[in-house]
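The file protein.tsv comes next; it holds TSV, C-alpha atoms.
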```tsv
chain	number	residue	atom	x	y	z
A	1	MET	CA	-13.35	-135.17	19.65
A	2	ALA	CA	-14.71	-131.85	18.31
A	3	GLN	CA	-18.45	-131.64	18.03
A	4	GLU	CA	-19.77	-131.43	14.43
A	5	PHE	CA	-21.18	-128.04	13.38
A	6	LEU	CA	-24.77	-127.92	12.26
A	7	PRO	CA	-25.73	-125.69	9.31
A	8	VAL	CA	-27.63	-122.51	10.12
A	9	VAL	CA	-30.92	-122.29	8.28
A	10	PRO	CA	-31.75	-118.64	7.52
A	11	LYS	CA	-35.19	-117.58	8.56
A	12	ARG	CA	-37.32	-116.40	5.65
A	13	HIS	CA	-39.92	-113.66	5.99
A	14	PRO	CA	-42.70	-112.95	3.55
A	15	GLY	CA	-41.82	-110.14	1.15
A	16	LEU	CA	-43.66	-106.86	1.12
A	17	PRO	CA	-45.58	-105.86	-2.00
A	18	LEU	CA	-43.59	-103.57	-4.31
A	19	ARG	CA	-44.84	-100.00	-4.11
A	20	THR	CA	-44.72	-97.81	-7.20
A	21	THR	CA	-45.46	-94.13	-7.35
A	22	ASN	CA	-47.33	-92.29	-10.08
A	23	GLU	CA	-44.05	-90.80	-11.23
A	24	ALA	CA	-42.38	-94.24	-11.46
A	25	ARG	CA	-45.30	-95.58	-13.49
A	26	TYR	CA	-45.12	-92.54	-15.80
A	27	TRP	CA	-41.44	-93.05	-16.64
A	28	ALA	CA	-41.86	-96.83	-16.96
A	29	ARG	CA	-43.99	-96.23	-20.07
A	30	TYR	CA	-41.02	-94.85	-21.97
A	31	GLN	CA	-38.97	-97.30	-24.00
A	32	LEU	CA	-35.81	-97.11	-26.07
A	33	ARG	CA	-36.89	-96.17	-29.60
A	34	GLU	CA	-33.62	-96.06	-31.49
A	35	ASP	CA	-29.89	-96.26	-30.99
A	36	PHE	CA	-27.28	-95.00	-33.42
A	37	GLU	CA	-23.78	-96.01	-34.44
A	38	LEU	CA	-21.67	-92.87	-34.19
A	39	PRO	CA	-18.03	-92.20	-35.16
A	40	GLY	CA	-16.91	-91.08	-31.69
A	41	SER	CA	-17.93	-89.89	-28.26
A	42	VAL	CA	-21.01	-87.67	-28.16
A	43	SER	CA	-20.00	-84.13	-27.17
A	44	HIS	CA	-23.35	-82.38	-27.62
A	45	VAL	CA	-27.02	-83.00	-28.47
A	46	GLU	CA	-29.67	-80.41	-29.28
A	47	PHE	CA	-33.23	-80.44	-30.64
A	48	SER	CA	-34.27	-78.07	-33.39
A	49	PRO	CA	-36.61	-75.36	-32.04
A	50	THR	CA	-39.05	-75.89	-34.94
A	51	ALA	CA	-41.21	-78.85	-36.00
A	52	PRO	CA	-40.57	-81.74	-36.51
A	53	TYR	CA	-37.89	-81.00	-33.88
A	54	ASP	CA	-35.00	-82.85	-35.47
A	55	LEU	CA	-32.15	-83.90	-33.18
A	56	ALA	CA	-28.56	-82.86	-33.86
A	57	ILE	CA	-25.95	-85.24	-32.41
A	58	VAL	CA	-22.36	-84.01	-32.40
A	59	ALA	CA	-19.91	-86.92	-32.28
A	60	GLY	CA	-16.45	-87.35	-33.71
A	61	ALA	CA	-15.86	-85.10	-36.70
A	62	ARG	CA	-19.47	-84.83	-37.82
A	63	VAL	CA	-23.01	-83.79	-36.90
A	64	THR	CA	-25.75	-86.38	-37.34
A	65	ILE	CA	-29.30	-85.08	-37.86
A	66	VAL	CA	-32.10	-87.42	-36.74
A	67	ASP	CA	-35.58	-86.87	-38.18
A	68	GLY	CA	-38.03	-85.88	-35.46
A	69	LYS	CA	-40.89	-87.85	-37.03
A	70	THR	CA	-39.24	-91.11	-38.06
A	71	ASN	CA	-36.39	-91.24	-35.51
A	72	LYS	CA	-34.10	-92.17	-38.40
A	73	VAL	CA	-30.87	-90.52	-39.50
A	74	ASN	CA	-31.67	-88.36	-42.52
A	75	ARG	CA	-28.61	-86.12	-42.82
A	76	VAL	CA	-24.95	-86.23	-41.86
A	77	ILE	CA	-22.78	-83.11	-41.87
A	78	GLY	CA	-19.13	-84.11	-42.03
A	79	SER	CA	-17.16	-81.06	-43.14
A	80	PHE	CA	-14.89	-80.99	-40.09
A	81	LYS	CA	-11.15	-81.68	-40.15
A	82	ASP	CA	-11.05	-82.40	-36.41
A	83	VAL	CA	-13.41	-83.30	-33.55
A	84	ALA	CA	-16.61	-81.22	-33.61
A	85	TYR	CA	-18.22	-79.58	-30.59
A	86	SER	CA	-21.43	-77.80	-29.63
A	87	GLY	CA	-23.84	-77.96	-32.56
A	88	SER	CA	-26.49	-75.27	-32.05
A	89	PHE	CA	-29.57	-74.37	-34.13
A	90	LYS	CA	-30.65	-70.92	-35.21
A	91	HIS	CA	-34.09	-69.95	-33.85
A	92	ASP	CA	-35.82	-70.87	-37.15
A	93	GLY	CA	-34.08	-74.27	-37.34
A	94	ARG	CA	-32.64	-73.57	-40.79
A	95	LEU	CA	-29.02	-73.02	-39.82
A	96	LEU	CA	-26.69	-74.87	-37.48
A	97	CYS	CA	-23.32	-73.74	-36.14
A	98	ALA	CA	-20.61	-75.92	-34.63
A	99	GLY	CA	-17.02	-75.45	-33.56
A	100	SER	CA	-14.15	-77.89	-33.71
A	101	ALA	CA	-10.85	-78.77	-32.11
A	102	ASP	CA	-8.93	-76.91	-34.82
A	103	GLY	CA	-10.49	-73.59	-33.75
A	104	VAL	CA	-12.78	-73.15	-36.79
A	105	LEU	CA	-16.48	-72.28	-36.51
A	106	GLN	CA	-18.68	-73.58	-39.31
A	107	VAL	CA	-22.23	-72.50	-40.13
A	108	PHE	CA	-24.38	-74.88	-42.17
A	109	ASP	CA	-27.63	-74.89	-44.10
A	110	VAL	CA	-29.29	-77.85	-42.38
A	111	GLN	CA	-31.43	-78.98	-45.33
A	112	LYS	CA	-28.74	-78.67	-48.00
A	113	ARG	CA	-25.82	-79.64	-45.71
A	114	ALA	CA	-23.93	-76.77	-47.33
A	115	THR	CA	-21.22	-74.87	-45.47
A	116	LEU	CA	-22.18	-71.19	-45.49
A	117	ARG	CA	-19.39	-69.83	-43.31
A	118	SER	CA	-16.02	-71.04	-42.01
A	119	LEU	CA	-14.85	-68.52	-39.43
A	120	ARG	CA	-11.26	-68.49	-38.19
A	121	GLY	CA	-9.83	-66.44	-35.37
A	122	HIS	CA	-9.51	-68.66	-32.30
A	123	SER	CA	-6.15	-70.16	-31.38
A	124	GLY	CA	-7.73	-73.01	-29.41
A	125	ALA	CA	-10.59	-75.47	-29.74
A	126	ILE	CA	-14.09	-73.96	-29.98
A	127	ARG	CA	-16.04	-75.83	-27.30
A	128	THR	CA	-19.28	-73.86	-27.36
A	129	SER	CA	-21.14	-71.86	-29.99
A	130	GLN	CA	-24.58	-70.29	-30.11
A	131	PHE	CA	-26.66	-67.94	-32.28
A	132	SER	CA	-27.77	-64.58	-30.96
A	133	MET	CA	-31.49	-63.92	-30.51
A	134	ASP	CA	-31.75	-62.13	-33.88
A	135	GLY	CA	-29.90	-64.96	-35.66
A	136	LEU	CA	-27.46	-62.54	-37.30
A	137	ARG	CA	-24.56	-63.21	-34.98
A	138	VAL	CA	-22.81	-66.20	-33.43
A	139	LEU	CA	-20.79	-66.26	-30.24
A	140	THR	CA	-18.04	-68.82	-29.72
A	141	GLY	CA	-16.25	-69.87	-26.54
A	142	SER	CA	-12.80	-71.38	-26.80
A	143	ASP	CA	-9.93	-73.03	-25.00
A	144	ASP	CA	-7.92	-69.91	-25.88
A	145	LYS	CA	-9.78	-68.21	-22.97
A	146	THR	CA	-11.88	-65.90	-25.17
A	147	VAL	CA	-15.43	-65.51	-26.43
A	148	LYS	CA	-15.75	-64.01	-29.90
A	149	LEU	CA	-18.76	-62.32	-31.49
A	150	TRP	CA	-19.15	-62.97	-35.23
A	151	ASP	CA	-21.27	-61.15	-37.81
A	152	LEU	CA	-22.80	-63.79	-40.10
A	153	PRO	CA	-23.67	-61.61	-43.14
A	154	THR	CA	-20.04	-60.45	-43.47
A	155	GLY	CA	-18.23	-63.30	-41.72
A	156	ARG	CA	-16.22	-60.79	-39.70
A	157	GLU	CA	-15.26	-60.83	-36.04
A	158	MET	CA	-17.15	-58.00	-34.34
A	159	ALA	CA	-15.83	-58.18	-30.80
A	160	GLU	CA	-13.99	-60.27	-28.24
A	161	LEU	CA	-15.26	-60.79	-24.71
A	162	GLY	CA	-12.12	-61.01	-22.59
A	163	GLY	CA	-11.22	-61.39	-18.95
A	164	HIS	CA	-11.49	-65.18	-18.80
A	165	GLU	CA	-8.54	-66.84	-17.11
A	166	ASP	CA	-9.08	-70.41	-18.33
A	167	TYR	CA	-11.02	-72.49	-20.86
A	168	VAL	CA	-14.49	-71.17	-21.75
A	169	ARG	CA	-16.85	-74.14	-21.79
A	170	ALA	CA	-20.33	-72.61	-21.37
A	171	GLN	CA	-22.28	-69.65	-22.68
A	172	SER	CA	-25.86	-68.56	-23.29
A	173	ARG	CA	-27.99	-65.67	-24.42
A	174	VAL	CA	-30.23	-64.21	-21.72
A	175	LYS	CA	-33.79	-64.05	-22.97
A	176	VAL	CA	-34.80	-60.96	-21.02
A	177	SER	CA	-32.49	-58.81	-23.18
A	178	PRO	CA	-30.71	-59.27	-26.55
A	179	HIS	CA	-27.78	-57.28	-25.16
A	180	LEU	CA	-26.90	-59.70	-22.34
A	181	TRP	CA	-24.68	-62.75	-22.69
A	182	ALA	CA	-23.54	-65.21	-20.03
A	183	THR	CA	-20.32	-67.23	-20.07
A	184	GLY	CA	-18.97	-70.00	-17.86
A	185	CYS	CA	-15.28	-70.71	-17.46
A	186	TYR	CA	-12.85	-73.18	-15.91
A	187	ASP	CA	-11.56	-70.30	-13.77
A	188	HIS	CA	-14.61	-70.97	-11.55
A	189	LYS	CA	-16.46	-67.85	-12.67
A	190	LEU	CA	-19.71	-67.09	-14.44
A	191	ARG	CA	-19.71	-63.72	-16.18
A	192	LEU	CA	-22.57	-61.64	-17.54
A	193	PHE	CA	-21.57	-59.37	-20.43
A	194	ASP	CA	-23.25	-56.38	-22.04
A	195	LEU	CA	-22.62	-56.89	-25.77
A	196	ARG	CA	-22.93	-53.16	-26.41
A	197	THR	CA	-19.83	-52.42	-24.34
A	198	GLN	CA	-18.22	-55.90	-24.45
A	199	LYS	CA	-17.66	-55.61	-20.70
A	200	ALA	CA	-18.62	-57.92	-17.84
A	201	ILE	CA	-21.29	-56.30	-15.69
A	202	PHE	CA	-21.64	-59.18	-13.23
A	203	THR	CA	-19.30	-61.94	-12.04
A	204	LEU	CA	-20.19	-64.92	-9.90
A	205	ASN	CA	-17.45	-66.94	-8.20
A	206	HIS	CA	-17.64	-70.73	-7.79
A	207	ASP	CA	-15.48	-73.31	-6.11
A	208	TYR	CA	-15.32	-75.47	-9.24
A	209	PRO	CA	-15.14	-75.05	-13.04
A	210	VAL	CA	-18.36	-73.92	-14.72
A	211	ARG	CA	-19.08	-76.46	-17.43
A	212	GLN	CA	-22.75	-76.29	-18.36
A	213	ARG	CA	-24.88	-73.68	-20.06
A	214	PRO	CA	-26.63	-71.00	-17.99
A	215	PHE	CA	-30.11	-70.26	-19.33
A	216	THR	CA	-33.32	-68.15	-19.24
A	217	SER	CA	-33.67	-65.03	-17.10
A	218	LEU	CA	-32.19	-66.96	-14.19
A	219	LEU	CA	-28.48	-67.62	-14.50
A	220	VAL	CA	-28.20	-71.30	-13.68
A	221	SER	CA	-24.60	-72.32	-13.24
A	222	PHE	CA	-23.84	-76.00	-12.86
A	223	SER	CA	-20.52	-77.06	-11.45
A	224	LEU	CA	-20.57	-79.03	-8.27
A	225	ARG	CA	-22.71	-76.26	-6.83
A	226	LEU	CA	-26.04	-74.86	-8.09
A	227	VAL	CA	-26.65	-71.13	-7.78
A	228	LEU	CA	-29.66	-69.13	-8.92
A	229	ASN	CA	-29.35	-65.40	-9.46
A	230	PRO	CA	-32.18	-63.24	-10.83
A	231	VAL	CA	-31.07	-60.97	-13.65
A	232	ASN	CA	-32.75	-57.66	-14.46
A	233	SER	CA	-32.93	-56.62	-18.08
A	234	ALA	CA	-30.37	-54.06	-19.17
A	235	GLY	CA	-32.60	-52.82	-21.93
```
If you convert what's in this file into structure tokens, what do you get?
Amino acid sequence: MAQEFLPVVPKRHPGLPLRTTNEARYWARYQLREDFELPGSVSHVEFSPTAPYDLAIVAGARVTIVDGKTNKVNRVIGSFKDVAYSGSFKHDGRLLCAGSADGVLQVFDVQKRATLRSLRGHSGAIRTSQFSMDGLRVLTGSDDKTVKLWDLPTGREMAELGGHEDYVRAQSRVKVSPHLWATGCYDHKLRLFDLRTQKAIFTLNHDYPVRQRPFTSLLVSFSLRLVLNPVNSAG
């Protein structure tokens, strides 16, 4: 007759006190303030550069503006016929530009929610848009493999930054010079352009698509690899 098995009683040890760092205690003070019902997936968020630092949330076919003081939705911009992308503020916070899947760039008066410009010229979705440092121009990056430079006072296309071999999903002004502009592309390359000549003066190869915005006087290119490259002003 088989001998009956006896249950194994696990041995219990006294637990160690939980250790928390100063950093962990700092972040633990933050709590969820608000959440918002939006019409689709969030494709971009950006704070206004001026007080009260309103938040623009791009989701679905509209841009939702959240008041920086009350954390409540105070404006909704819904003039898009297709999914909107990349809402970006002008440096004074008064204007906002955003592209859409139908290849149209729209520029809005944030307070009045009025459409000031509807710029057409891309044959693919505009995934990224940003004002120049002087606020008089907007650059747009598209799935048609181009970056276009637009003159806001006239609404005309001024130039096209070519050479991209795939979707353009990232771009940024370079603060050390108003003449420099960086773009990131699915062809695994980050390019630095001189807007005066519309030519790439620097190209950085990656092993993966460049998806996020490079910024400041260091070109920071996020794909699956992080590379830092100092940039000297071109004037």
Write out as a ChimeraX atom specification each polymer residue whose atoms come within 8 Å of stretch 158-170 of chain A, counting only C-alpha atoms; drop sequence neighbours fewer than 2 positions from it. /A:127-128,141-151,156,172,183-187,193,198-199,210-214
Between atom CA of A:Phe89 and atom CA of A:Phe47, what is the spacing in Å? 7.9 Å
Identify, on the basis of all atoms listed in the file, every residue whose closest approach to A:Trp181 does not exceed 12 Å; exclude the query and any residue fewer than 2 positions from it along the same chain; express the result as an MDAnalysis selection string. chainID A and resid 130:133 138:141 147:149 161 170:179 183:184 190:203 213:217 219 231 233:234
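With atom CA of A:Val76 on one side and atom CA of A:Leu38 on the other, the separation reads 10.7 Å.
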Length of the atom CA of A:Pro49 to atom CA of A:His91 vector [Å]: 6.2 Å
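Nearest to A:Val42 of all the residues A:Asp67, A:Arg25, A:Gly87, A:Gln3 is A:Gly87, based on only C-alpha atoms.
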Any idea what's packed within 7 Å of A:Val107, counting only C-alpha atoms, ignoring anything in its chain fewer than 4 positions away? Could you give it as number ranges by chain? A: 95-98, 115-118
Excluding same-chain residues fewer than 3 positions from A:Asp102, what lies within 8 Å of it counting only C-alpha atoms, as a list in words? Lys81, Asp82, Val83, Gly124, Ala125 and Ile126 of chain A
Output C-alpha atoms for every residue in that selection, as a PDB file, keeping the file's coordinate frame.
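Below you can see part_26.pdb, which holds the result:
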```
ATOM      1  CA  LYS A  81     -11.150 -81.680 -40.150  1.00  0.00           C
ATOM      2  CA  ASP A  82     -11.050 -82.400 -36.410  1.00  0.00           C
ATOM      3  CA  VAL A  83     -13.410 -83.300 -33.550  1.00  0.00           C
ATOM      4  CA  GLY A 124      -7.730 -73.010 -29.410  1.00  0.00           C
ATOM      5  CA  ALA A 125     -10.590 -75.470 -29.740  1.00  0.00           C
ATOM      6  CA  ILE A 126     -14.090 -73.960 -29.980  1.00  0.00           C
TER       7      ILE A 126
END
```
For A:Ile77, which residue among A:Phe5, A:Tyr208, A:Tyr30, A:Phe108 is the nearest when counting only C-alpha atoms?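 Of A:Phe5, A:Tyr208, A:Tyr30, A:Phe108, the one nearest A:Ile77 is A:Phe108, counting only C-alpha atoms.
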Residues proximal to (-11.5, -67.9, -41.0) were defined as those with any atom within 10 Å of that point in the file's coordinates, counting all atoms listed in the file. Which are they, as a tab-separated table (two decimals) with C-alpha atoms, in the coordinates of the input?
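Result file is out.tsv:
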```tsv
chain	number	residue	atom	x	y	z
A	103	GLY	CA	-10.49	-73.59	-33.75
A	104	VAL	CA	-12.78	-73.15	-36.79
A	105	LEU	CA	-16.48	-72.28	-36.51
A	106	GLN	CA	-18.68	-73.58	-39.31
A	117	ARG	CA	-19.39	-69.83	-43.31
A	118	SER	CA	-16.02	-71.04	-42.01
A	119	LEU	CA	-14.85	-68.52	-39.43
A	120	ARG	CA	-11.26	-68.49	-38.19
A	121	GLY	CA	-9.83	-66.44	-35.37
A	122	HIS	CA	-9.51	-68.66	-32.30
A	155	GLY	CA	-18.23	-63.30	-41.72
A	156	ARG	CA	-16.22	-60.79	-39.70
A	157	GLU	CA	-15.26	-60.83	-36.04
```
Since the input lacks some atoms of stretch 48-72 of chain A, please model N, CA and C atoms and print them as a compact mmCIF listing (two decimals), in the coordinates of the input.
```txt
# COMPACT_ATOMS: atom_id res chain seq x y z
N SER A 48 -33.90 -79.25 -32.63
CA SER A 48 -34.27 -78.07 -33.39
C SER A 48 -35.45 -77.39 -32.71
N PRO A 49 -35.50 -76.06 -32.69
CA PRO A 49 -36.61 -75.36 -32.04
C PRO A 49 -37.89 -75.36 -32.87
N THR A 50 -37.87 -75.89 -34.09
CA THR A 50 -39.05 -75.89 -34.94
C THR A 50 -39.43 -77.33 -35.32
N ALA A 51 -40.72 -77.54 -35.61
CA ALA A 51 -41.21 -78.85 -36.00
C ALA A 51 -40.52 -79.31 -37.28
N PRO A 52 -40.24 -80.62 -37.41
CA PRO A 52 -40.57 -81.74 -36.51
C PRO A 52 -39.55 -81.97 -35.40
N TYR A 53 -38.80 -80.95 -35.02
CA TYR A 53 -37.89 -81.00 -33.88
C TYR A 53 -36.80 -82.07 -34.07
N ASP A 54 -36.11 -81.94 -35.19
CA ASP A 54 -35.00 -82.85 -35.47
C ASP A 54 -33.94 -82.75 -34.37
N LEU A 55 -33.19 -83.83 -34.20
CA LEU A 55 -32.15 -83.90 -33.18
C LEU A 55 -30.78 -83.87 -33.84
N ALA A 56 -29.94 -82.93 -33.39
CA ALA A 56 -28.56 -82.86 -33.86
C ALA A 56 -27.65 -83.53 -32.83
N ILE A 57 -26.87 -84.52 -33.28
CA ILE A 57 -25.95 -85.24 -32.41
C ILE A 57 -24.54 -84.95 -32.90
N VAL A 58 -23.74 -84.33 -32.04
CA VAL A 58 -22.36 -84.01 -32.40
C VAL A 58 -21.46 -85.09 -31.82
N ALA A 59 -20.78 -85.83 -32.71
CA ALA A 59 -19.91 -86.92 -32.28
C ALA A 59 -18.79 -87.09 -33.29
N GLY A 60 -17.59 -87.23 -32.80
CA GLY A 60 -16.45 -87.35 -33.71
C GLY A 60 -16.30 -86.09 -34.53
N ALA A 61 -16.06 -86.25 -35.81
CA ALA A 61 -15.86 -85.10 -36.70
C ALA A 61 -17.08 -84.87 -37.59
N ARG A 62 -18.28 -85.08 -37.02
CA ARG A 62 -19.47 -84.83 -37.82
C ARG A 62 -20.68 -84.57 -36.92
N VAL A 63 -21.72 -84.02 -37.56
CA VAL A 63 -23.01 -83.79 -36.90
C VAL A 63 -24.04 -84.67 -37.59
N THR A 64 -24.72 -85.49 -36.82
CA THR A 64 -25.75 -86.38 -37.34
C THR A 64 -27.12 -85.79 -37.02
N ILE A 65 -27.95 -85.63 -38.04
CA ILE A 65 -29.30 -85.08 -37.86
C ILE A 65 -30.31 -86.23 -37.90
N VAL A 66 -31.08 -86.37 -36.84
CA VAL A 66 -32.10 -87.42 -36.74
C VAL A 66 -33.47 -86.80 -36.96
N ASP A 67 -34.25 -87.37 -37.86
CA ASP A 67 -35.58 -86.87 -38.18
C ASP A 67 -36.50 -86.98 -36.97
N GLY A 68 -37.17 -85.89 -36.63
CA GLY A 68 -38.03 -85.88 -35.46
C GLY A 68 -39.29 -86.70 -35.59
N LYS A 69 -39.69 -87.04 -36.82
CA LYS A 69 -40.89 -87.85 -37.03
C LYS A 69 -40.57 -89.34 -37.10
N THR A 70 -39.52 -89.69 -37.82
CA THR A 70 -39.24 -91.11 -38.06
C THR A 70 -38.20 -91.69 -37.11
N ASN A 71 -37.48 -90.81 -36.38
CA ASN A 71 -36.39 -91.24 -35.51
C ASN A 71 -35.27 -91.94 -36.29
N LYS A 72 -35.14 -91.61 -37.55
CA LYS A 72 -34.10 -92.17 -38.40
C LYS A 72 -33.11 -91.07 -38.81
```
